[in-house]
Amino acid sequence: MTNEDTRPSERPAPQGGSGAPPPSAPTAKASHKTAWTLGILGLVPFALMTVIFAYAGRSFIAYPMLVLAFSGYSATILAFLGGIRWGIGMVSRAHRRRVLTLSALPSLAGWILLLVPSPWVFAGFAAAFALQGEWDMRATRRRELPDWFGRLRLVLTGVVVLCQLVAFAATY
């Protein structure tokens, strides 16, 4: 296993002396590819709904439903990102309490933002995703997260924030 796969502080302690070897580099490479593939596929709903907002704006016949769908998906993904950090906090030996506490904030922010009217909901989600992305990038720079994860989060966050800003501009 390479340093790119996990950091020493993140490696779980051996359980029961099983002596099982860590996953091989090809296995780790396959999981990186899977994460990238799923991440890119997760952008599809953001992109499709953003195109509809950009094309039709508030004149779209199902505008309220589109706002609900876009906001609901945004809140779901934000909660998922918080869950990733919760899992990392569970296996990390450093800053566990702080990481676990902060990892609950994205889902709470997403839930609160569901109550915000458009177009401001999109500005709020843009800020929330940007903050989550910044937290992930700082953790990558501090070597608490693997480099490949930082690159993935940078790309995905950039696209999602752009989609949120386009939706905001199209419906302002």
# chains A, B, ... in the order shown; residues from 1 in each chain; ligands from 1
$ select_by_dssp --residues "stretch 85-120 of chain A" --states "helix (DSSP H, G or I)" --output "number ranges by chain"
A: 85-91, 96-103, 105-113, 120
$ residues_around --residues "A:Ile112" --least-positions-apart "4" --cutoff "12 Å" --atoms "only C-alpha atoms" --output "list in words"
Ser71, Gly72, Ser74, Ala75, Leu78, Ala79, Leu105, Pro106, Ser107, Leu108, Val116, Pro117, Val121, Gly124, Phe125 and Ala128 of chain A
$ write_last_selection --atoms "N, CA and C atoms" --output "compact mmCIF listing (two decimals), in the first residue's frame"
# COMPACT_ATOMS: atom_id res chain seq x y z
N SER A 71 -32.51 21.26 -4.79
CA SER A 71 -32.16 21.51 -3.38
C SER A 71 -32.09 20.20 -2.59
N GLY A 72 -33.03 19.30 -2.84
CA GLY A 72 -33.02 18.02 -2.14
C GLY A 72 -31.79 17.19 -2.48
N SER A 74 -28.95 18.43 -3.55
CA SER A 74 -27.82 19.14 -2.96
C SER A 74 -27.68 18.81 -1.48
N ALA A 75 -28.79 18.81 -0.75
CA ALA A 75 -28.75 18.50 0.67
C ALA A 75 -28.29 17.05 0.90
N LEU A 78 -24.52 16.89 0.25
CA LEU A 78 -23.82 17.56 1.34
C LEU A 78 -23.78 16.66 2.58
N ALA A 79 -24.88 16.00 2.88
CA ALA A 79 -24.91 15.07 4.02
C ALA A 79 -23.97 13.89 3.77
N LEU A 105 -22.10 18.99 10.65
CA LEU A 105 -22.58 20.29 10.17
C LEU A 105 -23.09 20.29 8.73
N PRO A 106 -22.47 19.56 7.78
CA PRO A 106 -23.01 19.61 6.42
C PRO A 106 -24.46 19.14 6.31
N SER A 107 -24.82 18.09 7.02
CA SER A 107 -26.21 17.63 6.93
C SER A 107 -27.16 18.63 7.57
N LEU A 108 -26.74 19.26 8.66
CA LEU A 108 -27.58 20.29 9.27
C LEU A 108 -27.72 21.50 8.36
N VAL A 116 -34.85 27.66 2.70
CA VAL A 116 -34.53 28.96 2.13
C VAL A 116 -35.15 29.07 0.73
N PRO A 117 -35.78 30.21 0.41
CA PRO A 117 -36.40 30.36 -0.92
C PRO A 117 -35.35 30.53 -2.01
N VAL A 121 -31.34 29.91 -1.96
CA VAL A 121 -30.98 28.54 -1.59
C VAL A 121 -29.75 28.09 -2.37
N GLY A 124 -26.67 29.67 -0.96
CA GLY A 124 -26.34 28.99 0.29
C GLY A 124 -25.66 27.66 0.06
N PHE A 125 -26.18 26.88 -0.90
CA PHE A 125 -25.54 25.59 -1.20
C PHE A 125 -24.17 25.80 -1.83
N ALA A 128 -21.95 26.38 1.10
CA ALA A 128 -21.78 25.17 1.91
C ALA A 128 -20.85 24.17 1.23
$ residues_around --residues "A:Gly87" --least-positions-apart "5" --cutoff "10 Å" --atoms "only C-alpha atoms" --output "list of chain:residue names"
A:Gly82, A:Ser92, A:Val99, A:Leu100, A:Ser103
$ closest_residue --among "A:Val44, A:Leu68, A:Ile61, A:Val160" --to "A:Pro119" --atoms "only C-alpha atoms"
A:Leu68
$ residues_around --residues "A:Gly39" --least-positions-apart "6" --cutoff "12 Å" --atoms "only C-alpha atoms" --output "ChimeraX atom specification"
/A:31-33,45-46,77,80-81,149,151-157,159-160
$ write_last_selection --atoms "N, CA and C atoms" --output "tab-separated table (two decimals), in the first residue's frame"
chain	number	residue	atom	x	y	z
A	31	SER	N	-10.06	1.04	-6.58
A	31	SER	CA	-11.00	1.78	-5.72
A	31	SER	C	-10.95	3.27	-6.04
A	32	HIS	N	-9.77	3.79	-6.39
A	32	HIS	CA	-9.68	5.20	-6.80
A	32	HIS	C	-10.50	5.43	-8.05
A	33	LYS	N	-10.37	4.51	-9.01
A	33	LYS	CA	-11.11	4.62	-10.27
A	33	LYS	C	-12.62	4.55	-10.01
A	45	PRO	N	-26.94	14.68	-12.15
A	45	PRO	CA	-28.16	15.41	-11.77
A	45	PRO	C	-27.92	16.91	-11.60
A	46	PHE	N	-26.77	17.29	-11.03
A	46	PHE	CA	-26.46	18.71	-10.91
A	46	PHE	C	-26.42	19.36	-12.29
A	77	ILE	N	-26.31	15.21	-1.06
A	77	ILE	CA	-24.88	15.09	-1.34
A	77	ILE	C	-24.06	15.76	-0.25
A	80	PHE	N	-23.92	13.41	2.54
A	80	PHE	CA	-23.01	12.33	2.19
A	80	PHE	C	-21.56	12.74	2.44
A	81	LEU	N	-21.20	13.96	2.06
A	81	LEU	CA	-19.84	14.44	2.28
A	81	LEU	C	-19.52	14.54	3.76
A	149	PHE	N	-7.81	11.70	-3.12
A	149	PHE	CA	-9.11	12.16	-2.63
A	149	PHE	C	-9.21	13.68	-2.72
A	151	ARG	N	-7.70	15.60	-4.90
A	151	ARG	CA	-7.91	15.94	-6.31
A	151	ARG	C	-9.35	15.68	-6.73
A	152	LEU	N	-9.90	14.57	-6.29
A	152	LEU	CA	-11.30	14.25	-6.60
A	152	LEU	C	-12.24	15.31	-6.03
A	153	ARG	N	-12.04	15.66	-4.78
A	153	ARG	CA	-12.91	16.64	-4.13
A	153	ARG	C	-12.78	18.02	-4.78
A	154	LEU	N	-11.59	18.38	-5.23
A	154	LEU	CA	-11.40	19.67	-5.88
A	154	LEU	C	-12.22	19.75	-7.17
A	155	VAL	N	-12.14	18.71	-7.97
A	155	VAL	CA	-12.89	18.69	-9.24
A	155	VAL	C	-14.39	18.69	-8.97
A	156	LEU	N	-14.85	17.79	-8.12
A	156	LEU	CA	-16.29	17.68	-7.87
A	156	LEU	C	-16.85	18.95	-7.23
A	157	THR	N	-16.12	19.50	-6.27
A	157	THR	CA	-16.58	20.72	-5.62
A	157	THR	C	-16.65	21.87	-6.61
A	159	VAL	N	-17.21	21.81	-9.82
A	159	VAL	CA	-18.37	21.65	-10.70
A	159	VAL	C	-19.67	21.93	-9.96
A	160	VAL	N	-19.81	21.42	-8.76
A	160	VAL	CA	-21.05	21.61	-8.00
A	160	VAL	C	-21.25	23.09	-7.64
$ atom_distance --atom1 "atom CA of A:His95" --atom2 "atom CA of A:Leu131"
18.6 Å
$ residues_around --residues "A:Ala169" --least-positions-apart "4" --cutoff "12 Å" --atoms "only C-alpha atoms" --output "compact mmCIF listing (two decimals) with N, CA and C atoms, in the first residue's frame"
# COMPACT_ATOMS: atom_id res chain seq x y z
N THR A 50 -29.09 22.07 -13.77
CA THR A 50 -28.52 23.39 -14.03
C THR A 50 -28.80 23.83 -15.46
N PHE A 53 -32.32 25.07 -15.52
CA PHE A 53 -32.40 26.41 -14.93
C PHE A 53 -31.84 27.46 -15.90
N ALA A 54 -30.70 27.17 -16.50
CA ALA A 54 -30.06 28.13 -17.40
C ALA A 54 -30.91 28.38 -18.63
N TYR A 55 -31.57 27.36 -19.11
CA TYR A 55 -32.38 27.50 -20.33
C TYR A 55 -33.72 28.18 -20.05
N ALA A 56 -34.42 27.74 -18.99
CA ALA A 56 -35.78 28.21 -18.76
C ALA A 56 -35.93 29.18 -17.60
N GLY A 57 -34.99 29.15 -16.65
CA GLY A 57 -35.12 30.03 -15.49
C GLY A 57 -36.42 29.80 -14.75
N ARG A 58 -37.01 30.88 -14.29
CA ARG A 58 -38.25 30.79 -13.52
C ARG A 58 -39.47 30.49 -14.38
N SER A 118 -35.77 30.22 -3.24
CA SER A 118 -34.87 30.44 -4.37
C SER A 118 -34.89 31.93 -4.70
N PRO A 119 -33.85 32.47 -5.20
CA PRO A 119 -32.59 31.88 -5.63
C PRO A 119 -31.56 31.74 -4.53
N TRP A 120 -31.88 32.24 -3.33
CA TRP A 120 -30.90 32.28 -2.25
C TRP A 120 -30.48 30.89 -1.78
N VAL A 121 -31.34 29.91 -1.96
CA VAL A 121 -30.98 28.54 -1.59
C VAL A 121 -29.75 28.09 -2.37
N PHE A 122 -29.66 28.50 -3.64
CA PHE A 122 -28.53 28.09 -4.48
C PHE A 122 -27.23 28.77 -4.02
N ALA A 123 -27.33 30.03 -3.62
CA ALA A 123 -26.15 30.73 -3.09
C ALA A 123 -25.70 30.06 -1.79
N ALA A 126 -24.00 26.82 -2.65
CA ALA A 126 -22.67 27.10 -3.22
C ALA A 126 -21.68 27.35 -2.09
N LEU A 162 -20.07 25.65 -9.25
CA LEU A 162 -20.41 26.33 -10.51
C LEU A 162 -21.89 26.10 -10.86
N CYS A 163 -22.37 24.88 -10.72
CA CYS A 163 -23.79 24.58 -10.99
C CYS A 163 -24.70 25.40 -10.08
N GLN A 164 -24.35 25.49 -8.81
CA GLN A 164 -25.17 26.26 -7.86
C GLN A 164 -25.19 27.74 -8.24
N LEU A 165 -24.05 28.27 -8.65
CA LEU A 165 -23.97 29.69 -9.02
C LEU A 165 -24.73 29.98 -10.31
$ atom_distance --atom1 "atom CA of A:Met137" --atom2 "atom CA of A:Val51"
27.9 Å
$ atom_distance --atom1 "atom CA of A:Gly133" --atom2 "atom CA of A:Pro64"
28.0 Å
$ closest_atom_pairs --of "stretch 18-136 of chain A" --to "stretch 140-144 of chain A" --cutoff "12 Å" --atoms "only C-alpha atoms" --output "Markdown table"
| residue | atom | partner | partner_atom | distance |
| --- | --- | --- | --- | --- |
| A:Arg85 | CA | A:Glu144 | CA | 10.8 |
| A:Ile88 | CA | A:Glu144 | CA | 9.0 |
| A:Gly89 | CA | A:Glu144 | CA | 10.1 |
| A:Val91 | CA | A:Glu144 | CA | 11.2 |
| A:Ser92 | CA | A:Glu144 | CA | 8.5 |
| A:Arg93 | CA | A:Glu144 | CA | 10.4 |
| A:Ala94 | CA | A:Glu144 | CA | 9.0 |
| A:His95 | CA | A:Glu144 | CA | 10.3 |
| A:Arg96 | CA | A:Glu144 | CA | 11.7 |
| A:Val99 | CA | A:Glu144 | CA | 11.2 |
| A:Gly133 | CA | A:Thr140 | CA | 10.5 |
| A:Glu134 | CA | A:Thr140 | CA | 9.7 |
| A:Trp135 | CA | A:Thr140 | CA | 8.7 |
| A:Asp136 | CA | A:Thr140 | CA | 6.2 |
$ decode --residues "stretch 21-154 of chain A" --atoms "C-alpha atoms" --output "JSON list (two decimals), in the first residue's frame"
[["chain", "number", "residue", "atom", "x", "y", "z"],
["A", 21, "PRO", "CA", -1.78, -8.03, 4.31],
["A", 22, "PRO", "CA", -3.01, -4.60, 3.26],
["A", 23, "PRO", "CA", -4.73, -4.30, -0.11],
["A", 24, "SER", "CA", -2.35, -4.39, -3.04],
["A", 25, "ALA", "CA", -1.63, -1.31, -5.15],
["A", 26, "PRO", "CA", -3.79, -2.59, -8.05],
["A", 27, "THR", "CA", -6.74, -3.02, -5.66],
["A", 28, "ALA", "CA", -6.25, 0.50, -4.30],
["A", 29, "LYS", "CA", -5.99, 1.86, -7.85],
["A", 30, "ALA", "CA", -9.29, 0.17, -8.74],
["A", 31, "SER", "CA", -11.00, 1.78, -5.72],
["A", 32, "HIS", "CA", -9.68, 5.20, -6.80],
["A", 33, "LYS", "CA", -11.11, 4.62, -10.27],
["A", 34, "THR", "CA", -14.43, 3.56, -8.77],
["A", 35, "ALA", "CA", -14.55, 6.67, -6.58],
["A", 36, "TRP", "CA", -13.81, 8.89, -9.58],
["A", 37, "THR", "CA", -16.44, 7.14, -11.71],
["A", 38, "LEU", "CA", -19.14, 7.40, -9.04],
["A", 39, "GLY", "CA", -18.17, 10.99, -8.30],
["A", 40, "ILE", "CA", -18.48, 12.02, -11.95],
["A", 41, "LEU", "CA", -21.80, 10.17, -12.27],
["A", 42, "GLY", "CA", -22.99, 12.01, -9.17],
["A", 43, "LEU", "CA", -22.50, 15.27, -11.07],
["A", 44, "VAL", "CA", -25.05, 14.29, -13.73],
["A", 45, "PRO", "CA", -28.16, 15.41, -11.77],
["A", 46, "PHE", "CA", -26.46, 18.71, -10.91],
["A", 47, "ALA", "CA", -25.54, 19.31, -14.55],
["A", 48, "LEU", "CA", -28.94, 18.34, -15.97],
["A", 49, "MET", "CA", -30.92, 20.47, -13.57],
["A", 50, "THR", "CA", -28.52, 23.39, -14.03],
["A", 51, "VAL", "CA", -29.03, 23.23, -17.80],
["A", 52, "ILE", "CA", -32.80, 23.42, -17.27],
["A", 53, "PHE", "CA", -32.40, 26.41, -14.93],
["A", 54, "ALA", "CA", -30.06, 28.13, -17.40],
["A", 55, "TYR", "CA", -32.38, 27.50, -20.33],
["A", 56, "ALA", "CA", -35.78, 28.21, -18.76],
["A", 57, "GLY", "CA", -35.12, 30.03, -15.49],
["A", 58, "ARG", "CA", -38.25, 30.79, -13.52],
["A", 59, "SER", "CA", -40.46, 30.31, -16.59],
["A", 60, "PHE", "CA", -39.99, 26.53, -16.49],
["A", 61, "ILE", "CA", -43.43, 24.96, -16.09],
["A", 62, "ALA", "CA", -42.31, 22.78, -13.18],
["A", 63, "TYR", "CA", -40.05, 25.41, -11.58],
["A", 64, "PRO", "CA", -41.08, 24.73, -7.95],
["A", 65, "MET", "CA", -40.52, 20.99, -8.44],
["A", 66, "LEU", "CA", -37.13, 21.63, -10.04],
["A", 67, "VAL", "CA", -36.07, 23.85, -7.13],
["A", 68, "LEU", "CA", -37.14, 21.12, -4.72],
["A", 69, "ALA", "CA", -35.32, 18.39, -6.69],
["A", 70, "PHE", "CA", -32.12, 20.44, -7.03],
["A", 71, "SER", "CA", -32.16, 21.51, -3.38],
["A", 72, "GLY", "CA", -33.02, 18.02, -2.14],
["A", 73, "TYR", "CA", -30.22, 16.45, -4.17],
["A", 74, "SER", "CA", -27.82, 19.14, -2.96],
["A", 75, "ALA", "CA", -28.75, 18.50, 0.67],
["A", 76, "THR", "CA", -28.36, 14.74, 0.17],
["A", 77, "ILE", "CA", -24.88, 15.09, -1.34],
["A", 78, "LEU", "CA", -23.82, 17.56, 1.34],
["A", 79, "ALA", "CA", -24.91, 15.07, 4.02],
["A", 80, "PHE", "CA", -23.01, 12.33, 2.19],
["A", 81, "LEU", "CA", -19.84, 14.44, 2.28],
["A", 82, "GLY", "CA", -20.30, 14.96, 6.00],
["A", 83, "GLY", "CA", -20.69, 11.19, 6.36],
["A", 84, "ILE", "CA", -17.38, 10.64, 4.59],
["A", 85, "ARG", "CA", -15.68, 12.88, 7.12],
["A", 86, "TRP", "CA", -17.53, 11.13, 9.98],
["A", 87, "GLY", "CA", -16.09, 7.81, 8.81],
["A", 88, "ILE", "CA", -12.61, 9.31, 8.60],
["A", 89, "GLY", "CA", -13.03, 10.72, 12.09],
["A", 90, "MET", "CA", -13.97, 7.30, 13.42],
["A", 91, "VAL", "CA", -10.71, 5.72, 12.28],
["A", 92, "SER", "CA", -8.43, 8.70, 12.82],
["A", 93, "ARG", "CA", -6.47, 8.97, 16.03],
["A", 94, "ALA", "CA", -5.95, 12.73, 15.72],
["A", 95, "HIS", "CA", -8.63, 15.38, 16.25],
["A", 96, "ARG", "CA", -11.38, 12.76, 16.54],
["A", 97, "ARG", "CA", -13.82, 14.85, 18.59],
["A", 98, "ARG", "CA", -13.38, 17.93, 16.36],
["A", 99, "VAL", "CA", -13.78, 15.94, 13.13],
["A", 100, "LEU", "CA", -16.86, 14.10, 14.37],
["A", 101, "THR", "CA", -18.47, 17.35, 15.52],
["A", 102, "LEU", "CA", -17.70, 19.22, 12.29],
["A", 103, "SER", "CA", -18.81, 16.28, 10.16],
["A", 104, "ALA", "CA", -22.37, 16.70, 11.44],
["A", 105, "LEU", "CA", -22.58, 20.29, 10.17],
["A", 106, "PRO", "CA", -23.01, 19.61, 6.42],
["A", 107, "SER", "CA", -26.21, 17.63, 6.93],
["A", 108, "LEU", "CA", -27.58, 20.29, 9.27],
["A", 109, "ALA", "CA", -26.68, 23.03, 6.80],
["A", 110, "GLY", "CA", -28.37, 21.13, 3.98],
["A", 111, "TRP", "CA", -31.50, 20.65, 6.04],
["A", 112, "ILE", "CA", -31.67, 24.34, 6.97],
["A", 113, "LEU", "CA", -31.04, 25.40, 3.38],
["A", 114, "LEU", "CA", -34.08, 23.39, 2.26],
["A", 115, "LEU", "CA", -36.15, 26.06, 4.01],
["A", 116, "VAL", "CA", -34.53, 28.96, 2.13],
["A", 117, "PRO", "CA", -36.40, 30.36, -0.92],
["A", 118, "SER", "CA", -34.87, 30.44, -4.37],
["A", 119, "PRO", "CA", -32.59, 31.88, -5.63],
["A", 120, "TRP", "CA", -30.90, 32.28, -2.25],
["A", 121, "VAL", "CA", -30.98, 28.54, -1.59],
["A", 122, "PHE", "CA", -28.53, 28.09, -4.48],
["A", 123, "ALA", "CA", -26.15, 30.73, -3.09],
["A", 124, "GLY", "CA", -26.34, 28.99, 0.29],
["A", 125, "PHE", "CA", -25.54, 25.59, -1.20],
["A", 126, "ALA", "CA", -22.67, 27.10, -3.22],
["A", 127, "ALA", "CA", -21.19, 28.44, 0.02],
["A", 128, "ALA", "CA", -21.78, 25.17, 1.91],
["A", 129, "PHE", "CA", -20.14, 23.05, -0.80],
["A", 130, "ALA", "CA", -17.23, 25.49, -1.04],
["A", 131, "LEU", "CA", -16.70, 25.31, 2.74],
["A", 132, "GLN", "CA", -16.85, 21.51, 2.72],
["A", 133, "GLY", "CA", -14.42, 21.43, -0.19],
["A", 134, "GLU", "CA", -12.03, 23.77, 1.61],
["A", 135, "TRP", "CA", -12.15, 21.57, 4.72],
["A", 136, "ASP", "CA", -11.34, 18.51, 2.62],
["A", 137, "MET", "CA", -8.51, 20.31, 0.82],
["A", 138, "ARG", "CA", -6.97, 21.47, 4.12],
["A", 139, "ALA", "CA", -7.10, 17.90, 5.41],
["A", 140, "THR", "CA", -5.38, 16.72, 2.24],
["A", 141, "ARG", "CA", -2.63, 19.34, 2.60],
["A", 142, "ARG", "CA", -2.14, 18.26, 6.24],
["A", 143, "ARG", "CA", -1.77, 14.67, 4.96],
["A", 144, "GLU", "CA", -4.86, 13.52, 6.86],
["A", 145, "LEU", "CA", -6.49, 12.43, 3.60],
["A", 146, "PRO", "CA", -4.93, 10.77, 0.54],
["A", 147, "ASP", "CA", -3.80, 13.02, -2.31],
["A", 148, "TRP", "CA", -6.11, 11.34, -4.83],
["A", 149, "PHE", "CA", -9.11, 12.16, -2.63],
["A", 150, "GLY", "CA", -8.10, 15.81, -2.52],
["A", 151, "ARG", "CA", -7.91, 15.94, -6.31],
["A", 152, "LEU", "CA", -11.30, 14.25, -6.60],
["A", 153, "ARG", "CA", -12.91, 16.64, -4.13],
["A", 154, "LEU", "CA", -11.40, 19.67, -5.88]]
